[in-house]
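model09.txt (compact mmCIF, N, CA and C atoms and all ligand atoms)
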# COMPACT_ATOMS: atom_id res chain seq x y z
N MET A 72 98.46 -6.49 -32.50
CA MET A 72 98.05 -5.30 -33.24
C MET A 72 96.52 -5.29 -33.40
N GLN A 73 95.91 -4.18 -33.16
CA GLN A 73 94.46 -4.05 -33.30
C GLN A 73 94.09 -4.00 -34.79
N LEU A 74 92.88 -4.41 -35.06
CA LEU A 74 92.40 -4.36 -36.44
C LEU A 74 92.45 -2.93 -36.99
N ASP A 75 92.09 -1.97 -36.13
CA ASP A 75 92.13 -0.56 -36.55
C ASP A 75 93.53 -0.15 -36.99
N ASP A 76 94.54 -0.62 -36.25
CA ASP A 76 95.92 -0.28 -36.61
C ASP A 76 96.30 -0.91 -37.94
N LEU A 77 95.86 -2.16 -38.12
CA LEU A 77 96.15 -2.86 -39.36
C LEU A 77 95.52 -2.09 -40.53
N TYR A 78 94.25 -1.70 -40.35
CA TYR A 78 93.56 -0.95 -41.39
C TYR A 78 94.28 0.36 -41.68
N ARG A 79 94.71 1.03 -40.61
CA ARG A 79 95.41 2.30 -40.80
C ARG A 79 96.69 2.08 -41.62
N GLN A 80 97.37 0.98 -41.33
CA GLN A 80 98.60 0.67 -42.08
C GLN A 80 98.31 0.41 -43.56
N VAL A 81 97.22 -0.30 -43.82
CA VAL A 81 96.87 -0.58 -45.22
C VAL A 81 96.59 0.74 -45.94
N ILE A 82 95.84 1.62 -45.28
CA ILE A 82 95.51 2.91 -45.90
C ILE A 82 96.78 3.72 -46.14
N MET A 83 97.67 3.77 -45.15
CA MET A 83 98.90 4.56 -45.31
C MET A 83 99.79 3.97 -46.40
N ASP A 84 99.80 2.64 -46.50
CA ASP A 84 100.62 1.99 -47.52
C ASP A 84 100.12 2.39 -48.92
N HIS A 85 98.82 2.36 -49.11
CA HIS A 85 98.28 2.74 -50.42
C HIS A 85 98.47 4.24 -50.68
N TYR A 86 98.42 5.03 -49.62
CA TYR A 86 98.61 6.49 -49.79
C TYR A 86 100.06 6.79 -50.15
N GLN A 87 100.99 6.13 -49.45
CA GLN A 87 102.41 6.44 -49.67
C GLN A 87 102.97 5.75 -50.90
N HIS A 88 102.38 4.60 -51.24
CA HIS A 88 102.85 3.86 -52.43
C HIS A 88 101.65 3.52 -53.30
N PRO A 89 101.00 4.54 -53.84
CA PRO A 89 99.76 4.26 -54.60
C PRO A 89 100.04 3.38 -55.81
N ARG A 90 99.13 2.42 -56.03
CA ARG A 90 99.25 1.54 -57.19
C ARG A 90 98.57 2.20 -58.38
N ASN A 91 99.07 1.86 -59.55
CA ASN A 91 98.42 2.28 -60.81
C ASN A 91 98.34 3.79 -61.00
N VAL A 92 99.38 4.48 -60.56
CA VAL A 92 99.45 5.92 -60.84
C VAL A 92 100.02 6.09 -62.23
N GLY A 93 99.43 6.98 -63.01
CA GLY A 93 99.97 7.23 -64.33
C GLY A 93 98.89 7.47 -65.35
N GLU A 94 99.25 7.33 -66.59
CA GLU A 94 98.31 7.61 -67.66
C GLU A 94 98.29 6.48 -68.67
N LEU A 95 97.15 6.35 -69.32
CA LEU A 95 96.98 5.33 -70.36
C LEU A 95 96.97 6.00 -71.72
N ALA A 96 96.90 5.18 -72.75
CA ALA A 96 96.89 5.70 -74.12
C ALA A 96 95.72 6.66 -74.32
N ALA A 97 95.83 7.45 -75.36
CA ALA A 97 94.86 8.52 -75.59
C ALA A 97 93.44 7.99 -75.81
N ASP A 98 93.29 6.73 -76.22
CA ASP A 98 91.94 6.21 -76.46
C ASP A 98 91.28 5.67 -75.19
N ALA A 99 91.94 5.79 -74.06
CA ALA A 99 91.36 5.31 -72.80
C ALA A 99 90.20 6.23 -72.40
N ILE A 100 89.24 5.66 -71.67
CA ILE A 100 88.15 6.46 -71.12
C ILE A 100 88.74 7.31 -69.99
N THR A 101 88.48 8.59 -70.02
CA THR A 101 89.06 9.49 -69.02
C THR A 101 87.97 10.27 -68.30
N VAL A 102 88.06 10.29 -67.00
CA VAL A 102 87.10 11.04 -66.19
C VAL A 102 87.87 11.91 -65.20
N ASP A 103 87.54 13.19 -65.18
CA ASP A 103 88.11 14.09 -64.17
C ASP A 103 87.02 14.42 -63.18
N LEU A 104 87.31 14.23 -61.92
CA LEU A 104 86.30 14.53 -60.90
C LEU A 104 86.94 15.32 -59.77
N ARG A 105 86.08 16.15 -59.16
CA ARG A 105 86.56 17.00 -58.09
C ARG A 105 85.61 16.81 -56.91
N ASN A 106 86.15 16.71 -55.74
CA ASN A 106 85.32 16.69 -54.54
C ASN A 106 84.99 18.15 -54.21
N PRO A 107 83.73 18.55 -54.40
CA PRO A 107 83.41 19.97 -54.25
C PRO A 107 83.64 20.48 -52.83
N SER A 108 83.61 19.58 -51.84
CA SER A 108 83.74 20.08 -50.47
C SER A 108 85.17 20.46 -50.10
N CYS A 109 86.17 19.96 -50.84
CA CYS A 109 87.55 20.29 -50.47
C CYS A 109 88.39 20.70 -51.67
N GLY A 110 87.90 20.43 -52.89
CA GLY A 110 88.66 20.80 -54.07
C GLY A 110 89.63 19.73 -54.54
N ASP A 111 89.73 18.64 -53.81
CA ASP A 111 90.63 17.56 -54.24
C ASP A 111 90.14 16.96 -55.55
N GLU A 112 91.09 16.51 -56.35
CA GLU A 112 90.76 16.05 -57.70
C GLU A 112 91.33 14.69 -58.01
N ILE A 113 90.65 14.00 -58.92
CA ILE A 113 91.19 12.74 -59.43
C ILE A 113 90.93 12.69 -60.93
N LYS A 114 91.94 12.18 -61.62
CA LYS A 114 91.76 11.88 -63.04
C LYS A 114 91.90 10.37 -63.17
N LEU A 115 90.81 9.74 -63.59
CA LEU A 115 90.81 8.28 -63.72
C LEU A 115 90.78 7.90 -65.19
N GLN A 116 91.61 6.94 -65.54
CA GLN A 116 91.60 6.42 -66.91
C GLN A 116 91.39 4.91 -66.89
N LEU A 117 90.52 4.47 -67.77
CA LEU A 117 90.25 3.04 -67.88
C LEU A 117 90.42 2.59 -69.32
N GLN A 118 91.01 1.42 -69.46
CA GLN A 118 91.05 0.77 -70.77
C GLN A 118 90.02 -0.34 -70.70
N VAL A 119 89.04 -0.30 -71.59
CA VAL A 119 88.00 -1.33 -71.60
C VAL A 119 88.04 -2.06 -72.92
N LYS A 120 88.11 -3.38 -72.85
CA LYS A 120 88.15 -4.18 -74.06
C LYS A 120 87.15 -5.32 -73.92
N ASP A 121 86.26 -5.44 -74.90
CA ASP A 121 85.22 -6.48 -74.88
C ASP A 121 84.48 -6.51 -73.54
N GLY A 122 84.17 -5.32 -73.02
CA GLY A 122 83.38 -5.24 -71.79
C GLY A 122 84.15 -5.54 -70.51
N VAL A 123 85.47 -5.65 -70.62
CA VAL A 123 86.29 -5.94 -69.44
C VAL A 123 87.26 -4.78 -69.19
N VAL A 124 87.40 -4.40 -67.94
CA VAL A 124 88.36 -3.35 -67.59
C VAL A 124 89.75 -3.99 -67.62
N THR A 125 90.50 -3.70 -68.66
CA THR A 125 91.80 -4.36 -68.78
C THR A 125 92.91 -3.57 -68.10
N ASP A 126 92.69 -2.26 -67.89
CA ASP A 126 93.71 -1.48 -67.19
C ASP A 126 93.06 -0.26 -66.56
N ALA A 127 93.66 0.21 -65.50
CA ALA A 127 93.13 1.39 -64.80
C ALA A 127 94.31 2.17 -64.23
N ARG A 128 94.28 3.47 -64.45
CA ARG A 128 95.33 4.34 -63.90
C ARG A 128 94.68 5.59 -63.34
N PHE A 129 95.37 6.22 -62.41
CA PHE A 129 94.84 7.49 -61.91
C PHE A 129 95.96 8.45 -61.56
N ARG A 130 95.57 9.71 -61.53
CA ARG A 130 96.41 10.74 -60.95
C ARG A 130 95.50 11.57 -60.07
N GLY A 131 96.03 12.11 -59.02
CA GLY A 131 95.15 12.91 -58.19
C GLY A 131 95.92 13.65 -57.14
N SER A 132 95.22 14.60 -56.54
CA SER A 132 95.77 15.23 -55.37
C SER A 132 94.66 15.23 -54.35
N GLY A 133 94.96 14.73 -53.19
CA GLY A 133 93.91 14.65 -52.20
C GLY A 133 94.41 14.05 -50.91
N CYS A 134 93.49 13.91 -50.00
CA CYS A 134 93.83 13.40 -48.67
C CYS A 134 94.20 11.92 -48.76
N SER A 135 94.71 11.41 -47.67
CA SER A 135 95.16 10.02 -47.65
C SER A 135 94.02 9.07 -47.96
N ILE A 136 92.83 9.37 -47.46
CA ILE A 136 91.71 8.45 -47.69
C ILE A 136 91.32 8.43 -49.17
N SER A 137 91.26 9.59 -49.79
CA SER A 137 90.85 9.62 -51.20
C SER A 137 91.88 8.94 -52.10
N MET A 138 93.15 9.16 -51.82
CA MET A 138 94.19 8.59 -52.68
C MET A 138 94.34 7.08 -52.42
N ALA A 139 94.22 6.68 -51.16
CA ALA A 139 94.29 5.25 -50.86
C ALA A 139 93.11 4.53 -51.49
N SER A 140 91.94 5.16 -51.43
CA SER A 140 90.75 4.54 -52.00
C SER A 140 90.90 4.39 -53.51
N ALA A 141 91.48 5.41 -54.16
CA ALA A 141 91.70 5.35 -55.62
C ALA A 141 92.67 4.23 -55.96
N SER A 142 93.73 4.13 -55.18
CA SER A 142 94.72 3.09 -55.41
C SER A 142 94.09 1.70 -55.28
N MET A 143 93.32 1.52 -54.21
CA MET A 143 92.66 0.22 -53.99
C MET A 143 91.63 -0.06 -55.06
N MET A 144 90.90 0.96 -55.45
CA MET A 144 89.85 0.77 -56.47
C MET A 144 90.46 0.30 -57.78
N THR A 145 91.55 0.96 -58.22
CA THR A 145 92.15 0.57 -59.50
C THR A 145 92.64 -0.88 -59.43
N GLU A 146 93.18 -1.27 -58.29
CA GLU A 146 93.63 -2.66 -58.15
C GLU A 146 92.45 -3.62 -58.22
N ALA A 147 91.36 -3.22 -57.56
CA ALA A 147 90.21 -4.14 -57.43
C ALA A 147 89.47 -4.33 -58.76
N VAL A 148 89.42 -3.30 -59.60
CA VAL A 148 88.58 -3.42 -60.80
C VAL A 148 89.33 -3.95 -62.02
N LYS A 149 90.65 -3.94 -61.96
CA LYS A 149 91.41 -4.43 -63.11
C LYS A 149 91.07 -5.88 -63.38
N GLY A 150 90.68 -6.15 -64.61
CA GLY A 150 90.36 -7.53 -64.97
C GLY A 150 88.89 -7.88 -64.79
N LEU A 151 88.10 -6.95 -64.23
CA LEU A 151 86.68 -7.25 -64.02
C LEU A 151 85.83 -6.82 -65.21
N PRO A 152 84.82 -7.64 -65.54
CA PRO A 152 83.81 -7.16 -66.49
C PRO A 152 83.13 -5.92 -65.88
N ILE A 153 82.66 -5.03 -66.75
CA ILE A 153 82.06 -3.78 -66.27
C ILE A 153 80.95 -4.02 -65.25
N ALA A 154 80.08 -5.00 -65.52
CA ALA A 154 78.96 -5.24 -64.60
C ALA A 154 79.49 -5.61 -63.21
N GLU A 155 80.58 -6.35 -63.17
CA GLU A 155 81.13 -6.73 -61.86
C GLU A 155 81.81 -5.55 -61.18
N ALA A 156 82.44 -4.69 -61.98
CA ALA A 156 83.06 -3.49 -61.40
C ALA A 156 81.98 -2.61 -60.77
N LEU A 157 80.83 -2.51 -61.44
CA LEU A 157 79.73 -1.70 -60.88
C LEU A 157 79.14 -2.37 -59.65
N ALA A 158 79.07 -3.70 -59.66
CA ALA A 158 78.56 -4.41 -58.48
C ALA A 158 79.49 -4.20 -57.29
N LEU A 159 80.80 -4.21 -57.57
CA LEU A 159 81.78 -3.96 -56.52
C LEU A 159 81.61 -2.55 -55.96
N SER A 160 81.36 -1.62 -56.86
CA SER A 160 81.15 -0.24 -56.44
C SER A 160 79.92 -0.13 -55.53
N ARG A 161 78.86 -0.86 -55.88
CA ARG A 161 77.66 -0.84 -55.04
C ARG A 161 77.97 -1.41 -53.65
N SER A 162 78.76 -2.48 -53.62
CA SER A 162 79.12 -3.07 -52.32
C SER A 162 79.94 -2.09 -51.49
N PHE A 163 80.88 -1.41 -52.17
CA PHE A 163 81.72 -0.46 -51.45
C PHE A 163 80.86 0.67 -50.88
N ARG A 164 79.94 1.17 -51.69
CA ARG A 164 79.07 2.26 -51.22
C ARG A 164 78.18 1.81 -50.06
N ALA A 165 77.73 0.56 -50.12
CA ALA A 165 76.91 0.03 -49.01
C ALA A 165 77.75 0.01 -47.73
N MET A 166 79.02 -0.39 -47.88
CA MET A 166 79.91 -0.40 -46.71
C MET A 166 80.07 1.03 -46.17
N MET A 167 80.12 2.00 -47.07
CA MET A 167 80.26 3.40 -46.64
C MET A 167 78.99 3.93 -45.96
N ARG A 168 77.87 3.23 -46.20
CA ARG A 168 76.65 3.58 -45.47
C ARG A 168 76.58 2.85 -44.13
N GLY A 169 77.64 2.13 -43.82
CA GLY A 169 77.70 1.46 -42.53
C GLY A 169 77.21 0.03 -42.56
N GLU A 170 76.88 -0.50 -43.76
CA GLU A 170 76.42 -1.89 -43.83
C GLU A 170 77.62 -2.83 -43.85
N GLU A 171 77.40 -4.04 -43.38
CA GLU A 171 78.44 -5.06 -43.45
C GLU A 171 78.67 -5.41 -44.92
N PRO A 172 79.91 -5.53 -45.36
CA PRO A 172 80.15 -5.88 -46.77
C PRO A 172 79.48 -7.21 -47.12
N ASP A 173 78.85 -7.25 -48.30
CA ASP A 173 78.15 -8.47 -48.72
C ASP A 173 79.08 -9.43 -49.46
N ARG A 174 80.35 -9.08 -49.49
CA ARG A 174 81.34 -9.95 -50.13
C ARG A 174 82.70 -9.59 -49.55
N ASP A 175 83.70 -10.38 -49.90
CA ASP A 175 85.05 -10.07 -49.44
C ASP A 175 85.58 -8.89 -50.25
N LEU A 176 85.81 -7.78 -49.58
CA LEU A 176 86.27 -6.59 -50.29
C LEU A 176 87.78 -6.41 -50.20
N GLY A 177 88.47 -7.39 -49.65
CA GLY A 177 89.93 -7.33 -49.61
C GLY A 177 90.43 -6.07 -48.89
N ASP A 178 91.47 -5.46 -49.45
CA ASP A 178 92.05 -4.25 -48.85
C ASP A 178 91.01 -3.17 -48.62
N LEU A 179 89.99 -3.16 -49.47
CA LEU A 179 88.98 -2.09 -49.37
C LEU A 179 88.31 -2.05 -48.00
N GLU A 180 88.31 -3.20 -47.32
CA GLU A 180 87.67 -3.24 -46.00
C GLU A 180 88.42 -2.37 -45.00
N ALA A 181 89.66 -2.01 -45.33
CA ALA A 181 90.41 -1.11 -44.46
C ALA A 181 89.73 0.25 -44.35
N LEU A 182 88.87 0.56 -45.33
CA LEU A 182 88.19 1.86 -45.33
C LEU A 182 86.84 1.81 -44.60
N GLN A 183 86.50 0.64 -44.07
CA GLN A 183 85.19 0.48 -43.43
C GLN A 183 84.95 1.54 -42.35
N GLY A 184 85.99 1.81 -41.57
CA GLY A 184 85.84 2.76 -40.46
C GLY A 184 85.45 4.16 -40.90
N VAL A 185 85.74 4.48 -42.16
CA VAL A 185 85.42 5.82 -42.67
C VAL A 185 83.91 6.08 -42.61
N SER A 186 83.13 4.99 -42.67
CA SER A 186 81.67 5.17 -42.67
C SER A 186 81.17 5.85 -41.40
N LYS A 187 82.01 5.86 -40.37
CA LYS A 187 81.60 6.51 -39.11
C LYS A 187 81.86 8.01 -39.13
N PHE A 188 82.49 8.50 -40.20
CA PHE A 188 82.82 9.93 -40.28
C PHE A 188 82.21 10.52 -41.54
N PRO A 189 80.94 10.95 -41.42
CA PRO A 189 80.20 11.38 -42.61
C PRO A 189 80.98 12.38 -43.49
N ALA A 190 81.77 13.24 -42.87
CA ALA A 190 82.49 14.24 -43.67
C ALA A 190 83.55 13.60 -44.55
N ARG A 191 84.01 12.40 -44.19
CA ARG A 191 85.08 11.76 -44.96
C ARG A 191 84.57 10.75 -45.98
N ILE A 192 83.29 10.45 -45.94
CA ILE A 192 82.78 9.42 -46.84
C ILE A 192 83.00 9.83 -48.30
N LYS A 193 82.81 11.12 -48.58
CA LYS A 193 83.04 11.60 -49.95
C LYS A 193 84.48 11.39 -50.39
N CYS A 194 85.41 11.47 -49.45
CA CYS A 194 86.82 11.22 -49.77
C CYS A 194 86.97 9.78 -50.29
N ALA A 195 86.33 8.86 -49.57
CA ALA A 195 86.49 7.44 -49.91
C ALA A 195 85.74 7.06 -51.18
N THR A 196 84.67 7.79 -51.50
CA THR A 196 83.86 7.39 -52.65
C THR A 196 84.22 8.14 -53.93
N LEU A 197 85.11 9.14 -53.83
CA LEU A 197 85.44 9.95 -55.02
C LEU A 197 85.90 9.08 -56.19
N ALA A 198 86.82 8.18 -55.94
CA ALA A 198 87.35 7.34 -57.03
C ALA A 198 86.27 6.42 -57.59
N TRP A 199 85.36 5.99 -56.72
CA TRP A 199 84.29 5.08 -57.16
C TRP A 199 83.27 5.83 -58.01
N GLN A 200 83.04 7.08 -57.62
CA GLN A 200 82.16 7.92 -58.43
C GLN A 200 82.75 8.08 -59.83
N ALA A 201 84.07 8.27 -59.87
CA ALA A 201 84.76 8.41 -61.16
C ALA A 201 84.63 7.12 -61.97
N LEU A 202 84.77 6.00 -61.28
CA LEU A 202 84.63 4.70 -61.96
C LEU A 202 83.24 4.57 -62.57
N GLU A 203 82.23 4.88 -61.76
CA GLU A 203 80.85 4.73 -62.25
C GLU A 203 80.60 5.63 -63.45
N LYS A 204 81.16 6.83 -63.35
CA LYS A 204 80.98 7.77 -64.46
C LYS A 204 81.68 7.24 -65.72
N ALA A 205 82.80 6.59 -65.54
CA ALA A 205 83.59 6.12 -66.68
C ALA A 205 82.92 4.96 -67.41
N VAL A 206 82.24 4.09 -66.68
CA VAL A 206 81.74 2.87 -67.34
C VAL A 206 80.24 2.87 -67.59
N ARG A 207 79.51 3.83 -67.02
CA ARG A 207 78.07 3.88 -67.31
C ARG A 207 77.90 4.38 -68.73
N PRO A 208 76.98 3.78 -69.49
CA PRO A 208 76.75 4.27 -70.84
C PRO A 208 76.34 5.74 -70.82
N GLN A 209 76.96 6.52 -71.66
CA GLN A 209 76.64 7.95 -71.73
C GLN A 209 75.42 8.16 -72.61
N PRO A 210 74.53 9.08 -72.24
CA PRO A 210 73.41 9.38 -73.13
C PRO A 210 73.94 9.92 -74.46
N ALA A 211 73.29 9.52 -75.55
CA ALA A 211 73.74 9.99 -76.86
C ALA A 211 73.59 11.50 -76.96
N GLU A 212 74.50 12.15 -77.65
CA GLU A 212 74.44 13.62 -77.76
C GLU A 212 73.60 14.03 -78.95
FE1 LIG A 301 97.77 -8.24 -34.58
FE2 LIG A 301 99.21 -8.23 -36.75
S1 LIG A 301 99.87 -8.55 -34.75
S2 LIG A 301 97.14 -7.97 -36.59
FE1 LIG A 302 89.50 16.12 -50.11
FE2 LIG A 302 89.44 13.96 -48.73
S1 LIG A 302 89.74 15.96 -47.95
S2 LIG A 302 89.12 14.16 -50.84
Starting from the file, lay out its structure as structure tokens.
Amino acid sequence: MQLDDLYRQVIMDHYQHPRNVGELAADAITVDLRNPSCGDEIKLQLQVKDGVVTDARFRGSGCSISMASASMMTEAVKGLPIAEALALSRSFRAMMRGEEPDRDLGDLEALQGVSKFPARIKCATLAWQALEKAVRPQPAE
């Protein structure tokens, strides 16, 4: 089996059996994001306790890449301190710019090939954008 086929299988598996779909308690951080180029949406919820992402759930409607990426992202960030979740996000975005991953990105590396299709990069980064929005300190109102 070619690596490309293996990657495709990982993506399809996360798309068809997404992990961490659902909702968290009302006090969870909630971010709704829309990919303006296609209208696909994701609602991401994070439970953060003592600076650690203790749980992550999402709901969304979108293409296989966006939903697989959301599924993989929620798996990857659960249990991480916020700073590490953001560092992971930076690594993922670097991979989407075509750079070699600077760390083991696990299942996320299945999305590496997306970097060759500029129109699809937004699909893969939608969930990560939501993550960054959820954990970055908000300016005081
Ligand atoms: Fe080649 Fe599984 S048989 S990757
Ligand atoms: Fe909409 Fe991929 S086509 S997120």
Each side padded by 5 Å, which centre and which edge lengths in Å (one decimal) define the axis-aligned box around the listed atoms of ligand LIG 301 (chain A)? Give them as lines of an AutoDock Vina configuration file.
center_x = 98.5
center_y = -8.3
center_z = -35.7
size_x = 12.7
size_y = 10.6
size_z = 12.2
(request) Give me every helix (DSSP H, G or I) residue in region 79-170 of chain A, going by DSSP on the backbone, as a PyMOL selection string. (result) chain A and resi 79-87+135-148+153-167
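With atom C of Lys120 (chain A) on one side and CA of Leu151 (chain A) on the other, the separation reads 10.1 Å.
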Please write out the residues within 10 Å of ligand LIG 301 (chain A) as an mmCIF file with N, CA and C atoms, in the coordinates of the input, counting only C-alpha atoms and all ligand atoms.
data_model
loop_
_atom_site.group_PDB
_atom_site.id
_atom_site.type_symbol
_atom_site.label_atom_id
_atom_site.label_comp_id
_atom_site.auth_asym_id
_atom_site.auth_seq_id
_atom_site.Cartn_x
_atom_site.Cartn_y
_atom_site.Cartn_z
ATOM 1 N N MET A 72 98.460 -6.490 -32.500
ATOM 2 C CA MET A 72 98.050 -5.300 -33.240
ATOM 3 C C MET A 72 96.520 -5.290 -33.400
ATOM 4 N N GLN A 73 95.910 -4.180 -33.160
ATOM 5 C CA GLN A 73 94.460 -4.050 -33.300
ATOM 6 C C GLN A 73 94.090 -4.000 -34.790
ATOM 7 N N LEU A 74 92.880 -4.410 -35.060
ATOM 8 C CA LEU A 74 92.400 -4.360 -36.440
ATOM 9 C C LEU A 74 92.450 -2.930 -36.990
ATOM 10 N N ASP A 75 92.090 -1.970 -36.130
ATOM 11 C CA ASP A 75 92.130 -0.560 -36.550
ATOM 12 C C ASP A 75 93.530 -0.150 -36.990
ATOM 13 N N ASP A 76 94.540 -0.620 -36.250
ATOM 14 C CA ASP A 76 95.920 -0.280 -36.610
ATOM 15 C C ASP A 76 96.300 -0.910 -37.940
ATOM 16 N N LEU A 77 95.860 -2.160 -38.120
ATOM 17 C CA LEU A 77 96.150 -2.860 -39.360
ATOM 18 C C LEU A 77 95.520 -2.090 -40.530
ATOM 19 N N TYR A 78 94.250 -1.700 -40.350
ATOM 20 C CA TYR A 78 93.560 -0.950 -41.390
ATOM 21 C C TYR A 78 94.280 0.360 -41.680
#
Mind checking which residues fall within 8 Å of Val124 (chain A), counting all atoms listed in the file, ignoring those fewer than 3 positions away in the same chain, and posting them as a compact mmCIF listing (two decimals) with N, CA and C atoms, keeping the file's coordinate frame?
# COMPACT_ATOMS: atom_id res chain seq x y z
N LEU A 117 90.52 4.47 -67.77
CA LEU A 117 90.25 3.04 -67.88
C LEU A 117 90.42 2.59 -69.32
N GLN A 118 91.01 1.42 -69.46
CA GLN A 118 91.05 0.77 -70.77
C GLN A 118 90.02 -0.34 -70.70
N VAL A 119 89.04 -0.30 -71.59
CA VAL A 119 88.00 -1.33 -71.60
C VAL A 119 88.04 -2.06 -72.92
N LYS A 120 88.11 -3.38 -72.85
CA LYS A 120 88.15 -4.18 -74.06
C LYS A 120 87.15 -5.32 -73.92
N ASP A 121 86.26 -5.44 -74.90
CA ASP A 121 85.22 -6.48 -74.88
C ASP A 121 84.48 -6.51 -73.54
N ALA A 127 93.66 0.21 -65.50
CA ALA A 127 93.13 1.39 -64.80
C ALA A 127 94.31 2.17 -64.23
N VAL A 148 89.42 -3.30 -59.60
CA VAL A 148 88.58 -3.42 -60.80
C VAL A 148 89.33 -3.95 -62.02
N LYS A 149 90.65 -3.94 -61.96
CA LYS A 149 91.41 -4.43 -63.11
C LYS A 149 91.07 -5.88 -63.38
N GLY A 150 90.68 -6.15 -64.61
CA GLY A 150 90.36 -7.53 -64.97
C GLY A 150 88.89 -7.88 -64.79
N LEU A 151 88.10 -6.95 -64.23
CA LEU A 151 86.68 -7.25 -64.02
C LEU A 151 85.83 -6.82 -65.21
N PRO A 152 84.82 -7.64 -65.54
CA PRO A 152 83.81 -7.16 -66.49
C PRO A 152 83.13 -5.92 -65.88
N ILE A 153 82.66 -5.03 -66.75
CA ILE A 153 82.06 -3.78 -66.27
C ILE A 153 80.95 -4.02 -65.25
N ALA A 154 80.08 -5.00 -65.52
CA ALA A 154 78.96 -5.24 -64.60
C ALA A 154 79.49 -5.61 -63.21
N ALA A 156 82.44 -4.69 -61.98
CA ALA A 156 83.06 -3.49 -61.40
C ALA A 156 81.98 -2.61 -60.77
(request) Fewer than 6 positions away in the same chain doesn't count, so skip those; otherwise give me all residues within 6.5 Å of region 163-175 of chain A, counting all atoms listed in the file, as a list in words. (result) Gln183, Val185 and Ser186 of chain A
(message) For ligand LIG 302 (chain A), return the neighbouring residues as a list of chain:residue names (distance at most 6 Å; only N, CA and C atoms and all ligand atoms).
(response)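 Written in the requested form, the residues are A:Asn106, A:Cys109, A:Gly110, A:Asp111, A:Gly133, A:Cys134, A:Ser135, A:Ile136, A:Ser137, A:Lys193, A:Cys194.
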(request) Using only C-alpha atoms, find the one residue out of A:Asp103, A:Glu94, A:Glu155, A:Asp84 that sits nearest to Ala205 (chain A). (result)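 Comparing A:Asp103, A:Glu94, A:Glu155, A:Asp84 against Ala205 (chain A), the winner is A:Asp103.
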(request) Return the single residue from A:Ser142, A:Ser108, A:Thr125, A:Gln200 that is closest to Arg90 (chain A), with distances computed using only C-alpha atoms. (result) A:Ser142
